Amino acid sequence: MTSPILIIGAGLAGLTCANYLHQAGRPVLLLDAADAVGGRIRTDVTSDGFRLDRGFQVLLTNYPETKRLLDYDALNLQRFRSGAVIRLEDGRRTTLQNPLQRPLAAVSALTAPIGSLPDKLRILSLVRHVLKHSPDELLARPGVDTRTFLRRYGWSETMINTFFRPFFGGVFLDRELSTASNFFEFVFQQFVTGDAAVPALGMQQIPEQLAARLLAGTIRLNTAVAAIDSEGRTVRLASGETLRGSAVVVAADGPAGAQLLAGAGFPTPPLAREGRPTTCTYFAATGNSPGRADKLLRLNAALAPALAHNVAFPADVSPAYAPAGQSLVSVSTHGPHGLREAELTECLRGELAAWFGPAARQWRHLRTYQIAYGLPVYAAGQPARQPRQLAQGLFRCGDWAAYPSQNGAMAAGREVAELLLR
Ligand SMILES: Cc1cc2nc3c(=O)[nH]c(=O)nc-3n(C[C@H](O)[C@H](O)[C@H](O)COP(=O)(O)OP(=O)(O)OC[C@H]3O[C@@H](n4cnc5c(N)ncnc54)[C@H](O)[C@@H]3O)c2cc1C
C-alpha cells in the first residue's frame, strides 16, 4: 500500500492541500496538535447558546480560492451589509456604503465628514484600477507599505485616519498600515467585488466542510509533531511515535512551521515567525440589538488610547449566533494592549457606553480571546508566493508562506497539492 502524504496542520492550508490530493486519489494523513480542525478558524458554542468565533473573522465571498473549493450554499452564508459606520474622534458617526453595490449611497458619501471631495473621488479611481486587474496581478504588483501607498495616491491624512486606518487596520490587524500595499490592493478589490459573510452556524463550518470530504481516519487530532527529517519522509510525534510517509507537507502556522523546518535544516527568515496579535471580547446584550439590525460593522477612527477598534453584532447577520431575545456584541482590539482581561473588559465597557449609550455598561461579559498570532506579518517586498518545495519530499504551505488571509492559506495549500500531483 502507498504510504500517505503526511500533512502537519489541519487549518485551511492543510485541509485544502488534503482535499485536492484526495480528489486525485492520493492517500493523506493530517496531523494536528489541536482538539478540532480549523486552526485559527474555530467557533465555541457556550452552554447558553452563543456562538463565539475565536476572533472576529469573515469570509470575503469573492476570494478565488474559497469560490473554487467551498460549497457556499451548504455553508448557508449570511452576509454583512457592504460598508461600515465610522465613529469619528469627536464622537460623530458617519455611514459609508460600497458605491458599486449601493450607487445612491455613494452620493451621500460625498458629503460624509471623512475627507475632502477629491479624497472621495480618488476612491472611485482606485475602484477602477483594481477592477482592471486579476487578483493575482494585484498581488504580484511591487509593494510599499500601505500608508505610503495611500499618501502617494494623494489621500489626505484625514481620509487615511478616518477611513483607511480604521477599516484596513482592522483587516490587517495593523493600525499603522505597515502591511504591504500589493495585499491592500488585493483586499480592496475583494471588498469592492464581494461581500463579507459568515456561515450561519459560525466560521468553523468552513474547515469542517473541508474535513468532512476526507476519508474517515485521515485526520489525527491531539497529535503534535515534534520533528521532521530533511528529506520529508518521516515525522516524529511529541508522543515519541515515528510515522513514515511518501512526502511531508508542513502546514502549521508561522512560528510552529518555522520551528519544524529549522529543526530539519531549513531556517526561515525571522519575519516569518512574527505575527500580529488581536483580542476579541464578547458581550451579551438583552432586548433589541445595539446594532439596530443594520448588519454594518462599526469602526472607531479615534486614535490611541481607544481600545474598541471595531464592533460587530454577529447575531444581526446570522440569528444562530445568539439565543432568542439576546444579542451578541463582538469587540476587537488590535495590537498589544498590556491589560489583564478584567481591566480590558472594564475599559471597553466605558468606551462602549460612550459609543452606544449607558446600557452598554450592563452588557454581560461572555468571553475574551487573546490571540498572539492572528496574522503573519506581511511587509513590503515579501513575495506573495514563497518557495513551496524545500527538498524532494518536503513541502510547506500556510498563510505565512503566502499572504495573511484565508485565500493565501488556501492558495498555498492548493499549489503544494499541484506540485505533489505533477
Ligand atoms: C482573529 C482573526 C481574524 C481573521 N480575520 C480574517 C478575515 O476576516 N479574512 C481572512 O481572509 N483571514 C482572516 N484571518 C486569517 C485566517 O484565519 C488565516 O490566514 C488562516 O486561517 C490560516 O490558515 P493556515 O492553515 O495557514 O494556519 P492555521 O489556521 O494557523 O493552521 C495551522 C494548524 O497547524 C497546527 N499545528 C501547529 N503546530 C503543530 C504541530 N507541531 N503539530 C501538529 N499540528 C500543529 C495548529 O494546531 C493549526 O490547526 C483571521 C485570523 C484571525 C486569528
# chains A, B, ... in the order shown; residues from 1 in each chain; ligands from 1
$ residues_around --residues "Trp363 in chain A" --least-positions-apart "4" --cutoff "7 Å" --atoms "only C-alpha atoms" --output "VMD selection string"
chain A and resid 283 to 285
$ write_last_selection --atoms "C-alpha atoms" --output "mmCIF file, in the first residue's frame"
data_model
loop_
_atom_site.group_PDB
_atom_site.id
_atom_site.type_symbol
_atom_site.label_atom_id
_atom_site.label_comp_id
_atom_site.auth_asym_id
_atom_site.auth_seq_id
_atom_site.Cartn_x
_atom_site.Cartn_y
_atom_site.Cartn_z
ATOM 1 C CA PHE A 283 -20.619 40.671 25.459
ATOM 2 C CA ALA A 284 -24.289 39.661 25.580
ATOM 3 C CA ALA A 285 -26.981 42.350 25.406
#
$ residues_near_ligand --ligand "ligand 1" --cutoff "6 Å" --atoms "only C-alpha atoms and all ligand atoms" --output "VMD selection string"
chain A and resid 8 to 14 31 to 34 37 to 41 55 to 59 223 to 226 251 to 253 256 374 to 375 398 to 399 404 to 407 409
$ residues_around --residues "Trp155 in chain A" --least-positions-apart "5" --cutoff "12 Å" --atoms "only C-alpha atoms" --output "VMD selection string"
chain A and resid 114 to 123 125 to 126 146 to 150 160 to 164
$ write_last_selection --atoms "C-alpha atoms" --output "tab-separated table (two decimals), in the first residue's frame"
chain	number	residue	atom	x	y	z
A	114	ILE	CA	-14.22	61.84	6.39
A	115	GLY	CA	-12.15	63.74	3.85
A	116	SER	CA	-12.33	66.24	1.00
A	117	LEU	CA	-14.23	65.81	-2.28
A	118	PRO	CA	-11.01	64.95	-4.19
A	119	ASP	CA	-10.31	62.32	-1.48
A	120	LYS	CA	-13.64	60.67	-2.25
A	121	LEU	CA	-13.20	60.86	-6.00
A	122	ARG	CA	-9.84	59.13	-5.59
A	123	ILE	CA	-11.73	56.16	-4.12
A	125	SER	CA	-10.22	55.94	-9.25
A	126	LEU	CA	-8.89	53.12	-7.03
A	146	THR	CA	0.07	50.75	2.69
A	147	ARG	CA	0.31	54.14	4.42
A	148	THR	CA	2.98	55.29	1.92
A	149	PHE	CA	0.89	53.93	-0.96
A	150	LEU	CA	-2.15	55.91	0.21
A	160	ILE	CA	-6.31	57.99	5.83
A	161	ASN	CA	-7.02	58.33	9.54
A	162	THR	CA	-10.80	58.36	9.39
A	163	PHE	CA	-11.40	55.73	6.74
A	164	PHE	CA	-8.39	53.63	5.66
$ residues_around --residues "Gln362 in chain A" --least-positions-apart "4" --cutoff "12 Å" --atoms "only C-alpha atoms" --output "number ranges by chain"
A: 283-286, 345-346, 348-350, 352-353, 356-358
$ write_last_selection --atoms "N, CA and C atoms" --output "short mmCIF file (atom, residue, chain, number, x, y, z; two decimals), in the first residue's frame"
data_model
loop_
_atom_site.label_atom_id
_atom_site.label_comp_id
_atom_site.auth_asym_id
_atom_site.auth_seq_id
_atom_site.Cartn_x
_atom_site.Cartn_y
_atom_site.Cartn_z
N PHE A 283 -19.61 40.32 24.46
CA PHE A 283 -20.62 40.67 25.46
C PHE A 283 -21.98 40.20 24.96
N ALA A 284 -22.89 39.97 25.92
CA ALA A 284 -24.29 39.66 25.58
C ALA A 284 -25.14 40.85 25.99
N ALA A 285 -26.05 41.26 25.09
CA ALA A 285 -26.98 42.35 25.41
C ALA A 285 -28.40 41.80 25.31
N THR A 286 -29.26 42.19 26.23
CA THR A 286 -30.65 41.71 26.15
C THR A 286 -31.51 42.70 25.37
N THR A 345 -11.79 44.54 29.92
CA THR A 345 -13.26 44.50 29.90
C THR A 345 -13.83 45.80 30.46
N GLU A 346 -13.27 46.26 31.58
CA GLU A 346 -13.76 47.49 32.21
C GLU A 346 -13.56 48.69 31.30
N LEU A 348 -13.29 48.67 28.08
CA LEU A 348 -14.19 48.56 26.93
C LEU A 348 -15.61 48.98 27.30
N ARG A 349 -16.06 48.59 28.50
CA ARG A 349 -17.41 49.00 28.93
C ARG A 349 -17.56 50.52 28.87
N GLY A 350 -16.52 51.23 29.35
CA GLY A 350 -16.57 52.69 29.34
C GLY A 350 -16.64 53.23 27.91
N LEU A 352 -17.66 51.64 25.22
CA LEU A 352 -18.90 51.24 24.55
C LEU A 352 -20.09 52.05 25.04
N ALA A 353 -20.04 52.45 26.31
CA ALA A 353 -21.12 53.28 26.85
C ALA A 353 -21.12 54.64 26.16
N PHE A 356 -22.47 53.57 22.51
CA PHE A 356 -23.81 53.02 22.31
C PHE A 356 -24.81 53.41 23.41
N GLY A 357 -24.37 54.21 24.37
CA GLY A 357 -25.28 54.62 25.44
C GLY A 357 -25.01 53.83 26.71
N PRO A 358 -25.57 54.35 27.86
CA PRO A 358 -25.23 53.79 29.18
C PRO A 358 -25.60 52.32 29.34
#
$ residues_around --residues "Gly265 in chain A" --least-positions-apart "3" --cutoff "8 Å" --atoms "only C-alpha atoms" --output "tab-separated table (two decimals) with C-alpha atoms, in the first residue's frame"
chain	number	residue	atom	x	y	z
A	230	SER	CA	15.28	16.89	5.99
A	261	LEU	CA	11.67	23.48	9.33
A	262	ALA	CA	14.61	24.95	11.24
$ closest_residue --among "A:Leu77, A:Ala84, A:Ala24, A:Val250" --to "Gly393 in chain A" --atoms "only C-alpha atoms"
A:Val250
$ closest_residue --among "A:Leu366, A:Ala302, A:Cys347, A:Val331" --to "Asp90 in chain A" --atoms "only C-alpha atoms"
A:Ala302
$ select_by_dssp --residues "range 120-236 of chain A" --states "strand (DSSP E or B)" --output "number ranges by chain"
A: 145, 180, 196-199, 219-220, 225-228, 234-236
$ write_last_selection --atoms "N, CA and C atoms" --output "PDB file, in the first residue's frame"
ATOM      1  N   ASP A 145       4.749  50.105   1.924  1.00  0.00           N
ATOM      2  CA  ASP A 145       3.774  49.931   2.988  1.00  0.00           C
ATOM      3  C   ASP A 145       2.497  50.684   2.606  1.00  0.00           C
ATOM      4  N   ALA A 180       2.024  45.376   3.399  1.00  0.00           N
ATOM      5  CA  ALA A 180       2.394  45.683   2.007  1.00  0.00           C
ATOM      6  C   ALA A 180       1.187  46.106   1.157  1.00  0.00           C
ATOM      7  N   ALA A 196     -18.790  40.470   2.716  1.00  0.00           N
ATOM      8  CA  ALA A 196     -18.219  39.858   3.915  1.00  0.00           C
ATOM      9  C   ALA A 196     -19.331  39.010   4.524  1.00  0.00           C
ATOM     10  N   ALA A 197     -19.042  37.740   4.768  1.00  0.00           N
ATOM     11  CA  ALA A 197     -20.102  36.837   5.216  1.00  0.00           C
ATOM     12  C   ALA A 197     -19.589  35.879   6.279  1.00  0.00           C
ATOM     13  N   VAL A 198     -20.542  35.284   6.988  1.00  0.00           N
ATOM     14  CA  VAL A 198     -20.205  34.195   7.923  1.00  0.00           C
ATOM     15  C   VAL A 198     -21.151  33.035   7.633  1.00  0.00           C
ATOM     16  N   PRO A 199     -20.667  31.783   7.796  1.00  0.00           N
ATOM     17  CA  PRO A 199     -21.603  30.651   7.712  1.00  0.00           C
ATOM     18  C   PRO A 199     -22.638  30.798   8.828  1.00  0.00           C
ATOM     19  N   ILE A 219      -7.630  12.100   9.608  1.00  0.00           N
ATOM     20  CA  ILE A 219      -7.215  13.259  10.426  1.00  0.00           C
ATOM     21  C   ILE A 219      -6.957  12.760  11.846  1.00  0.00           C
ATOM     22  N   ARG A 220      -5.761  12.956  12.326  1.00  0.00           N
ATOM     23  CA  ARG A 220      -5.456  12.611  13.718  1.00  0.00           C
ATOM     24  C   ARG A 220      -5.332  13.894  14.519  1.00  0.00           C
ATOM     25  N   VAL A 225       3.319  17.280  16.260  1.00  0.00           N
ATOM     26  CA  VAL A 225       4.546  16.804  15.617  1.00  0.00           C
ATOM     27  C   VAL A 225       5.724  17.523  16.272  1.00  0.00           C
ATOM     28  N   ALA A 226       6.739  16.746  16.661  1.00  0.00           N
ATOM     29  CA  ALA A 226       7.902  17.344  17.342  1.00  0.00           C
ATOM     30  C   ALA A 226       9.043  17.613  16.369  1.00  0.00           C
ATOM     31  N   ALA A 227       9.172  16.787  15.327  1.00  0.00           N
ATOM     32  CA  ALA A 227      10.314  16.956  14.407  1.00  0.00           C
ATOM     33  C   ALA A 227      10.014  16.295  13.072  1.00  0.00           C
ATOM     34  N   ILE A 228      10.710  16.783  12.040  1.00  0.00           N
ATOM     35  CA  ILE A 228      10.616  16.171  10.710  1.00  0.00           C
ATOM     36  C   ILE A 228      12.031  15.949  10.201  1.00  0.00           C
ATOM     37  N   THR A 234       9.841  11.241   7.111  1.00  0.00           N
ATOM     38  CA  THR A 234       9.335  10.814   8.422  1.00  0.00           C
ATOM     39  C   THR A 234       8.996  12.020   9.296  1.00  0.00           C
ATOM     40  N   VAL A 235       8.069  11.806  10.201  1.00  0.00           N
ATOM     41  CA  VAL A 235       7.813  12.811  11.240  1.00  0.00           C
ATOM     42  C   VAL A 235       7.838  12.089  12.582  1.00  0.00           C
ATOM     43  N   ARG A 236       8.373  12.787  13.566  1.00  0.00           N
ATOM     44  CA  ARG A 236       8.368  12.232  14.924  1.00  0.00           C
ATOM     45  C   ARG A 236       7.330  13.009  15.726  1.00  0.00           C
TER      46      ARG A 236
END
$ select_by_dssp --residues "range 160-288 of chain A" --states "alpha helix (DSSP H)" --output "MDAnalysis selection string"
chainID A and resid 165:172 181:193 205:212 254:263
$ closest_atom_pairs --of "range 30-84 of chain A" --to "range 313-324 of chain A" --cutoff "7 Å" --atoms "only C-alpha atoms" --output "tab-separated table"
residue	atom	partner	partner_atom	distance
A:Gly49	CA	A:Pro323	CA	5.4
A:Phe50	CA	A:Ala322	CA	4.5
A:Arg51	CA	A:Tyr321	CA	4.7
A:Gln78	CA	A:Ser318	CA	5.9
A:Arg79	CA	A:Val317	CA	6.4
A:Phe80	CA	A:Val317	CA	6.1
